[in-house]
file input29.txt (compact mmCIF, C-alpha atoms and all ligand atoms)
# COMPACT_ATOMS: atom_id res chain seq x y z
CA MET Y 1 -22.41 20.94 -22.80
CA PRO Y 2 -19.17 20.01 -20.99
CA VAL Y 3 -19.41 18.85 -17.39
CA GLU Y 4 -17.00 20.50 -14.94
CA ARG Y 5 -13.83 18.42 -15.05
CA LYS Y 6 -12.44 17.00 -11.80
CA ILE Y 7 -9.11 15.22 -11.55
CA LEU Y 8 -9.47 12.17 -9.35
CA LEU Y 9 -6.16 10.89 -8.01
CA ASN Y 10 -7.91 8.46 -5.65
CA PRO Y 11 -7.84 4.73 -6.52
CA GLY Y 12 -11.25 4.77 -8.22
CA PRO Y 13 -13.81 5.76 -9.24
CA ALA Y 14 -11.82 7.47 -11.96
CA THR Y 15 -12.14 10.68 -13.94
CA THR Y 16 -14.46 9.91 -16.86
CA THR Y 17 -14.94 11.50 -20.27
CA ASP Y 18 -18.04 13.56 -20.95
CA THR Y 19 -19.03 11.11 -23.68
CA VAL Y 20 -19.15 8.33 -21.07
CA LYS Y 21 -21.09 10.54 -18.65
CA TYR Y 22 -23.65 11.49 -21.30
CA ALA Y 23 -24.00 7.90 -22.57
CA GLN Y 24 -26.18 7.36 -19.50
CA ILE Y 25 -28.82 9.73 -20.81
CA VAL Y 26 -30.93 7.37 -22.87
CA PRO Y 27 -34.64 6.77 -23.39
CA ASP Y 28 -36.09 4.51 -20.71
CA ILE Y 29 -35.88 0.87 -21.69
CA CYS Y 30 -36.84 -2.40 -20.04
CA PRO Y 31 -33.65 -4.46 -19.84
CA ARG Y 32 -35.58 -7.57 -20.93
CA GLU Y 33 -35.95 -6.12 -24.45
CA LYS Y 34 -33.96 -7.69 -27.32
CA GLU Y 35 -32.11 -4.43 -27.93
CA PHE Y 36 -30.68 -4.47 -24.44
CA VAL Y 37 -29.83 -8.18 -24.56
CA GLY Y 38 -27.78 -7.55 -27.71
CA LEU Y 39 -25.90 -4.79 -25.92
CA MET Y 40 -25.04 -7.16 -23.07
CA ARG Y 41 -23.71 -9.84 -25.43
CA GLY Y 42 -21.27 -7.40 -27.04
CA ILE Y 43 -20.07 -6.20 -23.64
CA ARG Y 44 -19.43 -9.76 -22.40
CA ASP Y 45 -17.23 -10.53 -25.41
CA ASP Y 46 -15.37 -7.22 -25.14
CA LEU Y 47 -14.55 -7.90 -21.48
CA VAL Y 48 -12.88 -11.18 -22.46
CA ARG Y 49 -11.04 -9.57 -25.38
CA ILE Y 50 -9.44 -6.99 -23.08
CA VAL Y 51 -7.45 -9.75 -21.37
CA HIS Y 52 -6.78 -11.46 -24.72
CA GLY Y 53 -8.98 -14.44 -23.93
CA ASP Y 54 -10.50 -16.67 -26.57
CA THR Y 55 -14.28 -16.32 -26.13
CA GLU Y 56 -14.78 -20.07 -26.56
CA GLU Y 57 -12.40 -20.87 -23.73
CA TYR Y 58 -13.12 -17.86 -21.52
CA THR Y 59 -16.27 -16.03 -20.66
CA SER Y 60 -17.37 -13.07 -18.57
CA VAL Y 61 -20.19 -12.70 -16.09
CA LEU Y 62 -21.50 -9.31 -15.01
CA PHE Y 63 -22.96 -8.34 -11.67
CA CYS Y 64 -24.55 -5.23 -10.26
CA GLY Y 65 -22.28 -3.91 -7.54
CA SER Y 66 -18.92 -2.34 -6.76
CA GLY Y 67 -15.65 -4.27 -7.14
CA THR Y 68 -15.88 -6.08 -3.82
CA ILE Y 69 -18.88 -8.02 -5.11
CA ALA Y 70 -16.62 -9.76 -7.65
CA MET Y 71 -14.17 -10.77 -4.88
CA ASP Y 72 -17.08 -12.10 -2.83
CA ILE Y 73 -18.48 -14.03 -5.81
CA CYS Y 74 -15.20 -15.69 -6.80
CA LEU Y 75 -14.44 -16.75 -3.25
CA ASN Y 76 -17.87 -18.11 -2.38
CA SER Y 77 -18.68 -19.77 -5.71
CA LEU Y 78 -15.58 -21.64 -6.81
CA LEU Y 79 -14.65 -23.76 -3.80
CA PRO Y 80 -15.73 -27.44 -3.81
CA SER Y 81 -16.63 -28.89 -0.41
CA GLY Y 82 -13.75 -30.35 1.55
CA LYS Y 83 -11.23 -28.03 -0.17
CA LYS Y 84 -9.35 -24.94 0.98
CA ILE Y 85 -8.50 -21.47 -0.27
CA LEU Y 86 -5.00 -20.00 -0.04
CA ILE Y 87 -4.84 -16.22 0.11
CA VAL Y 88 -1.57 -14.55 -0.74
CA ASN Y 89 -1.83 -11.62 1.64
CA ASN Y 90 0.48 -8.64 1.44
CA GLY Y 91 -1.97 -5.81 1.66
CA ALA Y 92 -5.36 -4.36 2.47
CA TYR Y 93 -7.22 -5.87 -0.48
CA SER Y 94 -5.97 -9.41 0.12
CA ALA Y 95 -6.87 -8.92 3.78
CA ARG Y 96 -10.39 -8.08 2.58
CA ALA Y 97 -10.49 -11.40 0.72
CA ALA Y 98 -9.60 -13.21 3.95
CA GLU Y 99 -12.39 -11.33 5.70
CA ILE Y 100 -14.85 -12.49 3.03
CA CYS Y 101 -13.76 -16.09 3.72
CA GLU Y 102 -14.49 -15.48 7.41
CA TYR Y 103 -17.99 -14.22 6.67
CA TYR Y 104 -18.78 -17.32 4.59
CA HIS Y 105 -17.00 -19.67 7.02
CA LEU Y 106 -14.84 -20.86 4.12
CA PRO Y 107 -11.81 -22.95 5.04
CA TYR Y 108 -8.78 -20.86 4.11
CA LEU Y 109 -5.09 -20.36 4.79
CA GLU Y 110 -3.09 -17.22 4.40
CA ALA Y 111 0.45 -16.80 3.19
CA ARG Y 112 1.16 -13.48 4.90
CA PHE Y 113 3.89 -11.09 3.86
CA PRO Y 114 4.83 -7.53 4.85
CA LYS Y 115 2.76 -4.88 3.13
CA ASP Y 116 5.74 -3.10 1.68
CA ALA Y 117 7.33 -6.12 0.02
CA LEU Y 118 6.72 -8.76 -2.62
CA PRO Y 119 5.42 -12.17 -1.54
CA ASP Y 120 7.97 -14.96 -1.18
CA LEU Y 121 7.22 -17.55 -3.86
CA GLU Y 122 9.12 -20.29 -2.03
CA GLU Y 123 6.92 -19.81 1.00
CA ILE Y 124 3.80 -20.05 -1.20
CA ALA Y 125 5.16 -23.25 -2.77
CA ARG Y 126 5.82 -24.69 0.68
CA VAL Y 127 2.26 -23.99 1.88
CA LEU Y 128 0.84 -25.53 -1.29
CA LYS Y 129 2.99 -28.61 -0.89
CA GLU Y 130 2.02 -29.09 2.74
CA ASN Y 131 -1.68 -28.59 2.02
CA PRO Y 132 -2.75 -30.68 -0.95
CA ASP Y 133 -6.39 -29.83 -0.20
CA ILE Y 134 -5.88 -26.25 -1.42
CA GLU Y 135 -8.06 -25.90 -4.50
CA LEU Y 136 -8.07 -22.14 -5.02
CA VAL Y 137 -5.13 -19.73 -4.82
CA TYR Y 138 -6.19 -16.12 -4.52
CA SER Y 139 -3.89 -13.18 -5.15
CA THR Y 140 -4.15 -9.47 -5.86
CA HIS Y 141 -2.45 -8.12 -8.98
CA ASN Y 142 -1.92 -4.52 -7.98
CA GLU Y 143 -2.30 -4.21 -4.21
CA THR Y 144 -4.13 -0.90 -4.43
CA GLY Y 145 -3.44 -0.24 -0.74
CA THR Y 146 0.26 0.27 -1.48
CA GLY Y 147 0.74 0.05 -5.25
CA ILE Y 148 2.78 -3.17 -5.16
CA LEU Y 149 2.56 -5.30 -8.29
CA ASN Y 150 2.38 -8.95 -7.28
CA PRO Y 151 3.93 -11.72 -9.41
CA ILE Y 152 0.61 -13.27 -10.47
CA ARG Y 153 2.04 -15.28 -13.34
CA GLU Y 154 4.45 -17.07 -11.00
CA ILE Y 155 1.79 -17.51 -8.31
CA GLY Y 156 -0.60 -18.93 -10.92
CA ASP Y 157 2.07 -21.31 -12.14
CA LEU Y 158 2.59 -22.58 -8.59
CA ALA Y 159 -1.17 -23.00 -8.16
CA HIS Y 160 -1.41 -25.03 -11.36
CA LYS Y 161 1.56 -27.22 -10.42
CA HIS Y 162 -0.33 -28.09 -7.24
CA ASN Y 163 -3.66 -28.72 -9.00
CA ALA Y 164 -5.29 -25.56 -7.75
CA ILE Y 165 -6.96 -22.78 -9.73
CA SER Y 166 -5.62 -19.25 -9.80
CA VAL Y 167 -8.04 -16.44 -8.96
CA VAL Y 168 -6.64 -12.95 -9.28
CA ASP Y 169 -8.10 -9.65 -8.18
CA THR Y 170 -7.19 -7.49 -11.17
CA THR Y 171 -9.60 -4.71 -10.22
CA SER Y 172 -6.87 -2.08 -10.25
CA THR Y 173 -4.93 -3.28 -13.32
CA TYR Y 174 -7.60 -4.56 -15.72
CA ALA Y 175 -7.82 -2.35 -18.83
CA MET Y 176 -4.73 -0.44 -17.68
CA ARG Y 177 -1.71 -2.77 -17.51
CA PRO Y 178 -1.87 -5.34 -20.31
CA ILE Y 179 -3.05 -8.74 -19.01
CA HIS Y 180 -2.99 -12.02 -20.96
CA ILE Y 181 -5.35 -14.30 -19.10
CA LYS Y 182 -3.83 -17.55 -20.36
CA GLU Y 183 -0.13 -16.66 -20.33
CA ASP Y 184 -0.56 -15.03 -16.94
CA ASN Y 185 -1.88 -18.36 -15.59
CA ILE Y 186 -5.18 -16.78 -14.55
CA ASP Y 187 -8.29 -18.95 -14.32
CA PHE Y 188 -10.49 -16.16 -13.02
CA CYS Y 189 -9.90 -12.45 -12.77
CA MET Y 190 -12.20 -9.62 -11.94
CA ALA Y 191 -12.65 -5.89 -12.20
CA SER Y 192 -15.14 -3.10 -11.93
CA ALA Y 193 -16.37 -0.58 -14.49
CA GLN Y 194 -15.30 2.52 -12.53
CA LYS Y 195 -11.58 1.70 -12.53
CA GLY Y 196 -9.55 0.87 -15.65
CA LEU Y 197 -12.45 1.22 -18.02
CA MET Y 198 -13.21 4.72 -16.77
CA ALA Y 199 -16.96 4.10 -16.65
CA MET Y 200 -19.47 4.36 -13.83
CA THR Y 201 -19.62 2.47 -10.54
CA GLY Y 202 -22.34 -0.15 -10.40
CA ILE Y 203 -21.11 -2.98 -12.62
CA SER Y 204 -18.43 -5.50 -11.82
CA TYR Y 205 -17.43 -8.61 -13.71
CA VAL Y 206 -15.60 -11.87 -13.47
CA VAL Y 207 -13.67 -13.07 -16.52
CA GLY Y 208 -12.72 -16.70 -16.39
CA ASN Y 209 -12.31 -20.20 -17.69
CA ARG Y 210 -15.60 -21.52 -19.03
CA ARG Y 211 -14.90 -25.19 -18.26
CA ILE Y 212 -14.01 -24.53 -14.62
CA LEU Y 213 -16.99 -22.23 -14.31
CA GLU Y 214 -19.28 -24.97 -15.62
CA GLU Y 215 -17.77 -27.46 -13.19
CA SER Y 216 -18.46 -25.05 -10.33
CA LYS Y 217 -22.13 -25.98 -10.76
CA ASP Y 218 -21.42 -28.72 -8.21
CA CYS Y 219 -19.80 -26.44 -5.62
CA PRO Y 220 -21.86 -25.73 -2.51
CA LYS Y 221 -24.18 -22.77 -3.08
CA ARG Y 222 -23.30 -20.26 -0.40
CA SER Y 223 -25.05 -17.16 -1.68
CA TYR Y 224 -28.16 -16.55 -3.71
CA TYR Y 225 -27.53 -13.11 -5.23
CA CYS Y 226 -23.78 -13.61 -5.53
CA ASN Y 227 -23.44 -17.02 -7.13
CA LEU Y 228 -21.17 -17.16 -10.17
CA TYR Y 229 -22.60 -20.26 -11.80
CA MET Y 230 -26.22 -19.15 -11.37
CA GLN Y 231 -25.53 -15.82 -13.05
CA TYR Y 232 -23.48 -17.48 -15.83
CA GLU Y 233 -26.19 -20.00 -16.58
CA TYR Y 234 -28.79 -17.25 -16.78
CA PHE Y 235 -26.58 -15.24 -19.13
CA GLU Y 236 -26.03 -18.26 -21.35
CA LYS Y 237 -29.75 -19.11 -21.51
CA HIS Y 238 -31.27 -15.64 -21.66
CA GLY Y 239 -28.42 -13.32 -22.57
CA GLU Y 240 -28.91 -11.10 -19.58
CA MET Y 241 -28.42 -10.63 -15.86
CA HIS Y 242 -30.63 -12.73 -13.63
CA PHE Y 243 -31.90 -9.69 -11.78
CA THR Y 244 -32.38 -6.06 -12.82
CA PRO Y 245 -29.17 -4.63 -14.28
CA PRO Y 246 -28.15 -1.00 -13.69
CA VAL Y 247 -29.44 0.01 -17.13
CA GLN Y 248 -27.90 3.48 -17.51
CA THR Y 249 -24.59 2.28 -16.09
CA VAL Y 250 -24.51 -0.42 -18.77
CA TYR Y 251 -24.83 2.24 -21.49
CA ALA Y 252 -21.93 4.14 -19.97
CA LEU Y 253 -19.87 0.94 -19.90
CA LYS Y 254 -20.67 0.30 -23.56
CA GLN Y 255 -19.37 3.77 -24.46
CA ALA Y 256 -16.30 3.30 -22.24
CA LEU Y 257 -15.47 0.03 -24.02
CA LYS Y 258 -15.73 1.78 -27.37
CA GLU Y 259 -13.33 4.44 -26.13
CA TYR Y 260 -11.02 1.78 -24.68
CA PHE Y 261 -10.63 0.04 -28.03
CA GLU Y 262 -10.28 3.37 -29.85
CA GLU Y 263 -7.42 4.43 -27.59
CA GLY Y 264 -5.90 0.96 -27.71
CA GLU Y 265 -4.22 -1.15 -25.03
CA GLU Y 266 -0.66 0.04 -25.69
CA ARG Y 267 -1.46 3.72 -25.99
CA LYS Y 268 -3.62 3.62 -22.89
CA TRP Y 269 -0.92 1.91 -20.83
CA ALA Y 270 1.62 4.43 -22.17
CA ARG Y 271 -0.66 7.24 -21.01
CA HIS Y 272 -0.99 5.78 -17.51
CA GLN Y 273 2.79 5.46 -17.37
CA ARG Y 274 3.19 9.10 -18.42
CA VAL Y 275 0.85 10.10 -15.62
CA SER Y 276 2.73 7.91 -13.17
CA GLU Y 277 6.12 9.33 -14.19
CA ALA Y 278 4.75 12.85 -13.78
CA ILE Y 279 3.63 11.90 -10.25
CA HIS Y 280 7.10 10.60 -9.38
CA ARG Y 281 8.73 13.74 -10.78
CA GLY Y 282 6.34 16.07 -8.96
CA LEU Y 283 6.92 14.33 -5.64
CA GLU Y 284 10.66 14.32 -6.09
CA ALA Y 285 10.71 18.03 -6.87
CA LEU Y 286 8.94 18.72 -3.56
CA GLY Y 287 11.17 16.34 -1.61
CA PHE Y 288 8.39 13.86 -0.79
CA GLN Y 289 9.39 10.23 -0.28
CA GLU Y 290 7.69 7.12 -1.61
CA VAL Y 291 7.09 4.00 0.48
CA ILE Y 292 7.41 1.20 -2.07
CA ARG Y 293 10.59 0.51 -4.04
CA ARG Y 294 10.10 1.82 -7.56
CA GLU Y 295 10.81 -1.51 -9.27
CA TRP Y 296 8.04 -3.20 -7.24
CA GLN Y 297 5.39 -0.64 -8.11
CA SER Y 298 2.48 -1.26 -10.44
CA GLY Y 299 2.86 2.15 -12.06
CA LEU Y 300 -0.74 2.92 -11.08
CA VAL Y 301 -0.67 3.81 -7.38
CA VAL Y 302 2.02 5.79 -5.60
CA THR Y 303 2.15 5.65 -1.79
CA VAL Y 304 3.76 8.74 -0.31
CA LYS Y 305 5.13 9.33 3.19
CA TYR Y 306 3.87 12.28 5.16
CA PRO Y 307 6.63 14.86 5.50
CA GLU Y 308 8.12 15.36 8.95
CA ASP Y 309 6.76 18.83 9.43
CA ALA Y 310 4.54 20.15 12.21
CA GLU Y 311 2.63 22.27 9.68
CA TRP Y 312 1.66 19.28 7.54
CA ASP Y 313 -1.98 18.28 7.79
CA PHE Y 314 -3.37 15.79 5.27
CA ASN Y 315 -6.96 16.92 5.61
CA GLU Y 316 -6.02 20.54 5.12
CA ILE Y 317 -4.03 19.91 1.94
CA HIS Y 318 -6.75 17.54 0.74
CA ASP Y 319 -9.38 20.23 1.15
CA TYR Y 320 -7.20 22.85 -0.50
CA CYS Y 321 -6.66 20.63 -3.56
CA TYR Y 322 -10.30 19.52 -3.61
CA GLU Y 323 -11.46 23.13 -3.82
CA LYS Y 324 -9.33 23.48 -6.92
CA GLY Y 325 -10.62 20.33 -8.58
CA PHE Y 326 -8.06 17.70 -7.52
CA THR Y 327 -8.83 14.76 -5.23
CA ILE Y 328 -6.06 13.03 -3.29
CA TYR Y 329 -6.51 9.98 -1.06
CA PRO Y 330 -5.34 8.65 2.31
CA GLY Y 331 -2.99 5.66 2.54
CA LYS Y 332 -3.90 2.16 3.65
CA ILE Y 333 -0.94 0.88 5.64
CA ASP Y 334 -1.74 0.46 9.33
CA GLY Y 335 0.56 2.44 11.55
CA ALA Y 336 2.18 4.32 8.67
CA GLN Y 337 1.45 7.93 7.84
CA THR Y 338 0.91 7.87 4.09
CA PHE Y 339 -1.32 9.13 1.30
CA ARG Y 340 -1.84 7.94 -2.25
CA LEU Y 341 -1.78 9.41 -5.74
CA CYS Y 342 -3.17 7.18 -8.48
CA ALA Y 343 -2.71 7.16 -12.24
CA LEU Y 344 -6.02 5.76 -13.44
CA GLY Y 345 -8.78 7.60 -15.29
CA ALA Y 346 -9.16 9.91 -18.25
CA ILE Y 347 -6.25 12.15 -17.30
CA ASP Y 348 -2.83 12.87 -18.75
CA GLU Y 349 0.56 14.31 -17.83
CA GLY Y 350 -0.62 17.94 -18.07
CA ASP Y 351 -3.22 17.32 -15.37
CA ILE Y 352 -0.49 16.11 -13.02
CA VAL Y 353 1.69 19.12 -13.76
CA ARG Y 354 -1.27 21.37 -12.89
CA PHE Y 355 -1.94 19.29 -9.79
CA PHE Y 356 1.58 19.79 -8.45
CA GLN Y 357 1.30 23.55 -8.95
CA VAL Y 358 -1.81 23.52 -6.76
CA PHE Y 359 -0.32 21.05 -4.26
CA GLY Y 360 2.87 23.13 -3.98
CA ASP Y 361 0.86 26.34 -3.46
CA GLY Y 362 -1.15 24.57 -0.77
CA LEU Y 363 1.99 23.43 1.04
CA ARG Y 364 3.46 26.94 0.97
CA LYS Y 365 0.19 28.39 2.28
CA MET Y 366 0.22 25.87 5.13
CA GLY Y 367 3.84 26.73 5.88
CA VAL Y 368 5.23 23.27 5.10
CA LYS Y 369 8.94 23.45 4.32
CA ILE Y 370 9.93 22.64 0.73
CA PRO Y 371 11.79 20.44 0.01
CA ALA Y 372 9.85 18.43 2.54
CA ALA Y 373 11.70 16.71 5.36
CA GLY Y 374 11.67 12.90 5.14
CA SER Y 375 9.80 10.76 7.61
CA GLU Y 376 10.18 7.16 8.62
CA VAL Y 377 7.33 4.83 7.86
CA ALA Y 378 6.57 2.76 10.95
CA ASP Y 379 7.74 -0.82 10.59
CA GLU Y 380 5.10 -3.34 9.74
CA GLU Y 381 5.38 -6.67 11.41
CA GLY Y 382 5.08 -9.47 8.90
C1 LIG O 401 -11.10 -0.95 -5.95
C2 LIG O 401 -10.68 -2.32 -5.67
C3 LIG O 401 -11.63 -3.29 -5.28
C4 LIG O 401 -13.09 -3.01 -5.13
O1 LIG O 401 -13.44 -1.99 -4.28
P1 LIG O 401 -14.92 -1.38 -4.29
O2 LIG O 401 -14.82 -0.25 -3.36
O3 LIG O 401 -15.86 -2.44 -3.85
O4 LIG O 401 -15.20 -0.98 -5.72
C5 LIG O 401 -11.17 -4.58 -5.10
N1 LIG O 401 -9.88 -4.90 -5.25
C6 LIG O 401 -8.96 -4.01 -5.61
C7 LIG O 401 -7.54 -4.45 -5.77
C8 LIG O 401 -9.32 -2.68 -5.83
O5 LIG O 401 -8.40 -1.78 -6.21
call {"tool": "encode", "arguments": {"input": "input29.txt", "output": "structure tokens", "more": "lines below"}}
Ligand SMILES: *Cc1c(COP(=O)(O)O)cnc(C)c1O
result
Amino acid sequence: MPVERKILLNPGPATTTDTVKYAQIVPDICPREKEFVGLMRGIRDDLVRIVHGDTEEYTSVLFCGSGTIAMDICLNSLLPSGKKILIVNNGAYSARAAEICEYYHLPYLEARFPKDALPDLEEIARVLKENPDIELVYSTHNETGTGILNPIREIGDLAHKHNAISVVDTTSTYAMRPIHIKEDNIDFCMASAQKGLMAMTGISYVVGNRRILEESKDCPKRSYYCNLYMQYEYFEKHGEMHFTPPVQTVYALKQALKEYFEEGEERKWARHQRVSEAIHRGLEALGFQEVIRREWQSGLVVTVKYPEDAEWDFNEIHDYCYEKGFTIYPGKIDGAQTFRLCALGAIDEGDIVRFFQVFGDGLRKMGVKIPAAGSEVADEEG
């Protein structure tokens, strides 16, 4: 029986297939049973394969929680005492990482850049050179707040040249844009089942370098539930999560991984690009303007300026679209009037074409002029 299909254009959770939804309906099982442990082993290897990691050199560790748990875990678990974190901050998600450091009282520095621009690599190099005690460089691949794609390979290279490890939040690119963990100079990356893998919220994972992870045994232990080494060690010894896993969510993830490999990395990325192109075309046809220069965009999140029109009301158009099965999402740039349309999930070009018919109808009903009048996005101070 098909489940009513909703098109989610928010930055996750994503539209899922019915086969993934129904994979959660399984007989009750205790996750300590051999059958379940076998399932977990396969998932751990698959998660490493997605970023083309060798499973001897790289490993994955799963946690029960939304994507932020993986950010929290990487930041609190991988810093030796007496060392510092450098956060490359050009958006809302990197700002969240800095906030996590605050909560743990972790020593950190920020290299801050405007939210609508790429980070300056020379500035990052300068901070690294002046602070030899930086041990961990943290960056965000696709800044989901704006859709900017950060140069993680170059940032990782700088980190390595200064004897630091590179930790990258790939939550909104993993299993969408191809990532090569080694060539991209990533020591640890992370994601969450409800984004690129188009599964259910409730599982997040860190994929990273096994040797560095094992060395992190000696890092100060700053959290009990969210310690990377503790969870890794338990997985290695017992093949399972230390504490109760979200059983049904794991079955959905297993099915989503099967569908990921069936679709294939290249075809899946091509599909997301088709969706993204359809979003650009639809916006252009209505005269809406984008905030981020096209060549800096990840191809997965489009940030759109509100039109300069007294009749425009984001909540009203949101509700109109929602009624018709399409979910759009507010922006995340302070002081700027924006909303976002995202290209993740089990959707294709045709869904976007249908969306713009609905969106256009909604605008006409509201009395918004088409083509829409441009608006200036308020300047961000760096
Ligand atoms: C979605 C996302 C997260 C995690 O957010 P949750 O709401 O905790 O799932 C983290 N980083 C980035 C870049 C994201 O897009």
call {"tool": "closest_atom_pairs", "arguments": {"input": "input29.txt", "of": "segment 272-357 of chain Y", "to": "segment 194-197 of chain Y", "cutoff": "12 Å", "atoms": "all atoms listed in the file", "output": "Markdown table"}}
result
| residue | atom | partner | partner_atom | distance |
| --- | --- | --- | --- | --- |
| Y:His272 | CA | Y:Gly196 | CA | 10.0 |
| Y:Leu300 | CA | Y:Gly196 | CA | 10.1 |
| Y:Cys342 | CA | Y:Lys195 | CA | 10.8 |
| Y:Ala343 | CA | Y:Gly196 | CA | 9.9 |
| Y:Leu344 | CA | Y:Gly196 | CA | 6.4 |
| Y:Gly345 | CA | Y:Gly196 | CA | 6.8 |
| Y:Ala346 | CA | Y:Leu197 | CA | 9.3 |
| Y:Ile347 | CA | Y:Gly196 | CA | 11.9 |
call {"tool": "closest_residue", "arguments": {"input": "input29.txt", "among": "Y:Tyr306, Y:Phe314, Y:Tyr174, Y:Tyr103", "to": "ligand LIG 401 (chain O)", "atoms": "all atoms listed in the file"}}
result
Y:Tyr174
call {"tool": "residues_around", "arguments": {"input": "input29.txt", "residues": "Lys254 of chain Y", "least_positions_apart": "2", "cutoff": "12 Å", "atoms": "all atoms listed in the file", "output": "number ranges by chain"}}
result
Y: 19-24, 36, 38-47, 193, 197-200, 203, 247-252, 256-261
call {"tool": "atom_distance", "arguments": {"input": "input29.txt", "atom1": "atom CA of Val304 of chain Y", "atom2": "atom CA of Asn90 of chain Y"}}
result
17.8 Å
call {"tool": "closest_atom_pairs", "arguments": {"input": "input29.txt", "of": "chain Y", "to": "ligand LIG 401 (chain O)", "cutoff": "8 Å", "atoms": "all atoms listed in the file", "output": "CSV"}}
result
residue,atom,partner,partner_atom,distance
Y:Pro11,CA,O:LIG401,O5,6.5
Y:Gly12,CA,O:LIG401,C1,6.2
Y:Pro13,CA,O:LIG401,O4,7.7
Y:Gly65,CA,O:LIG401,O3,7.5
Y:Ser66,CA,O:LIG401,O4,4.1
Y:Gly67,CA,O:LIG401,C4,3.5
Y:Thr68,CA,O:LIG401,O3,3.6
Y:Ile69,CA,O:LIG401,O3,6.5
Y:Ala70,CA,O:LIG401,C5,7.9
Y:Met71,CA,O:LIG401,C5,6.9
Y:Tyr93,CA,O:LIG401,C7,5.5
Y:Ser94,CA,O:LIG401,C7,7.9
Y:Thr140,CA,O:LIG401,C7,6.1
Y:His141,CA,O:LIG401,C7,7.0
Y:Asn142,CA,O:LIG401,C7,6.0
Y:Glu143,CA,O:LIG401,C7,5.5
Y:Thr144,CA,O:LIG401,O5,4.7
Y:Gly145,CA,O:LIG401,O5,7.5
Y:Asp169,CA,O:LIG401,C7,5.8
Y:Thr170,CA,O:LIG401,C7,6.2
Y:Thr171,CA,O:LIG401,C6,4.7
Y:Ser172,CA,O:LIG401,O5,4.3
Y:Ala191,CA,O:LIG401,C5,7.4
Y:Ser192,CA,O:LIG401,O4,6.6
Y:Gln194,CA,O:LIG401,O4,7.7
Y:Lys195,CA,O:LIG401,C1,7.1
Y:Thr201,CA,O:LIG401,O4,7.4
call {"tool": "closest_residue", "arguments": {"input": "input29.txt", "among": "Y:Ile292, Y:Cys321, Y:Ala175, Y:Leu62", "to": "Lys268 of chain Y", "atoms": "all atoms listed in the file"}}
result
Y:Ala175
call {"tool": "closest_residue", "arguments": {"input": "input29.txt", "among": "Y:Leu213, Y:Leu118, Y:Val51, Y:Met176", "to": "Thr146 of chain Y", "atoms": "only C-alpha atoms"}}
result
Y:Leu118
call {"tool": "decode", "arguments": {"input": "input29.txt", "residues": "segment 76-99 of chain Y", "atoms": "C-alpha atoms", "output": "CSV table (one decimal), in the first residue's frame"}}
result
chain,number,residue,atom,x,y,z
Y,76,ASN,CA,34.5,16.5,22.3
Y,77,SER,CA,36.3,13.3,21.7
Y,78,LEU,CA,39.3,14.0,19.4
Y,79,LEU,CA,41.1,16.9,21.2
Y,80,PRO,CA,44.1,16.0,23.3
Y,81,SER,CA,44.6,18.1,26.4
Y,82,GLY,CA,46.6,21.3,25.9
Y,83,LYS,CA,45.6,21.5,22.2
Y,84,LYS,CA,43.2,23.7,20.4
Y,85,ILE,CA,40.4,23.5,17.8
Y,86,LEU,CA,40.2,25.8,14.8
Y,87,ILE,CA,36.7,26.2,13.3
Y,88,VAL,CA,36.4,27.6,9.8
Y,89,ASN,CA,33.2,29.5,10.3
Y,90,ASN,CA,31.2,30.9,7.4
Y,91,GLY,CA,27.8,29.9,8.3
Y,92,ALA,CA,25.1,28.7,10.7
Y,93,TYR,CA,26.4,25.1,11.0
Y,94,SER,CA,30.0,26.1,11.7
Y,95,ALA,CA,28.7,28.5,14.2
Y,96,ARG,CA,26.9,25.6,15.9
Y,97,ALA,CA,30.2,23.8,16.1
Y,98,ALA,CA,31.7,26.8,17.9
Y,99,GLU,CA,28.7,26.7,20.3
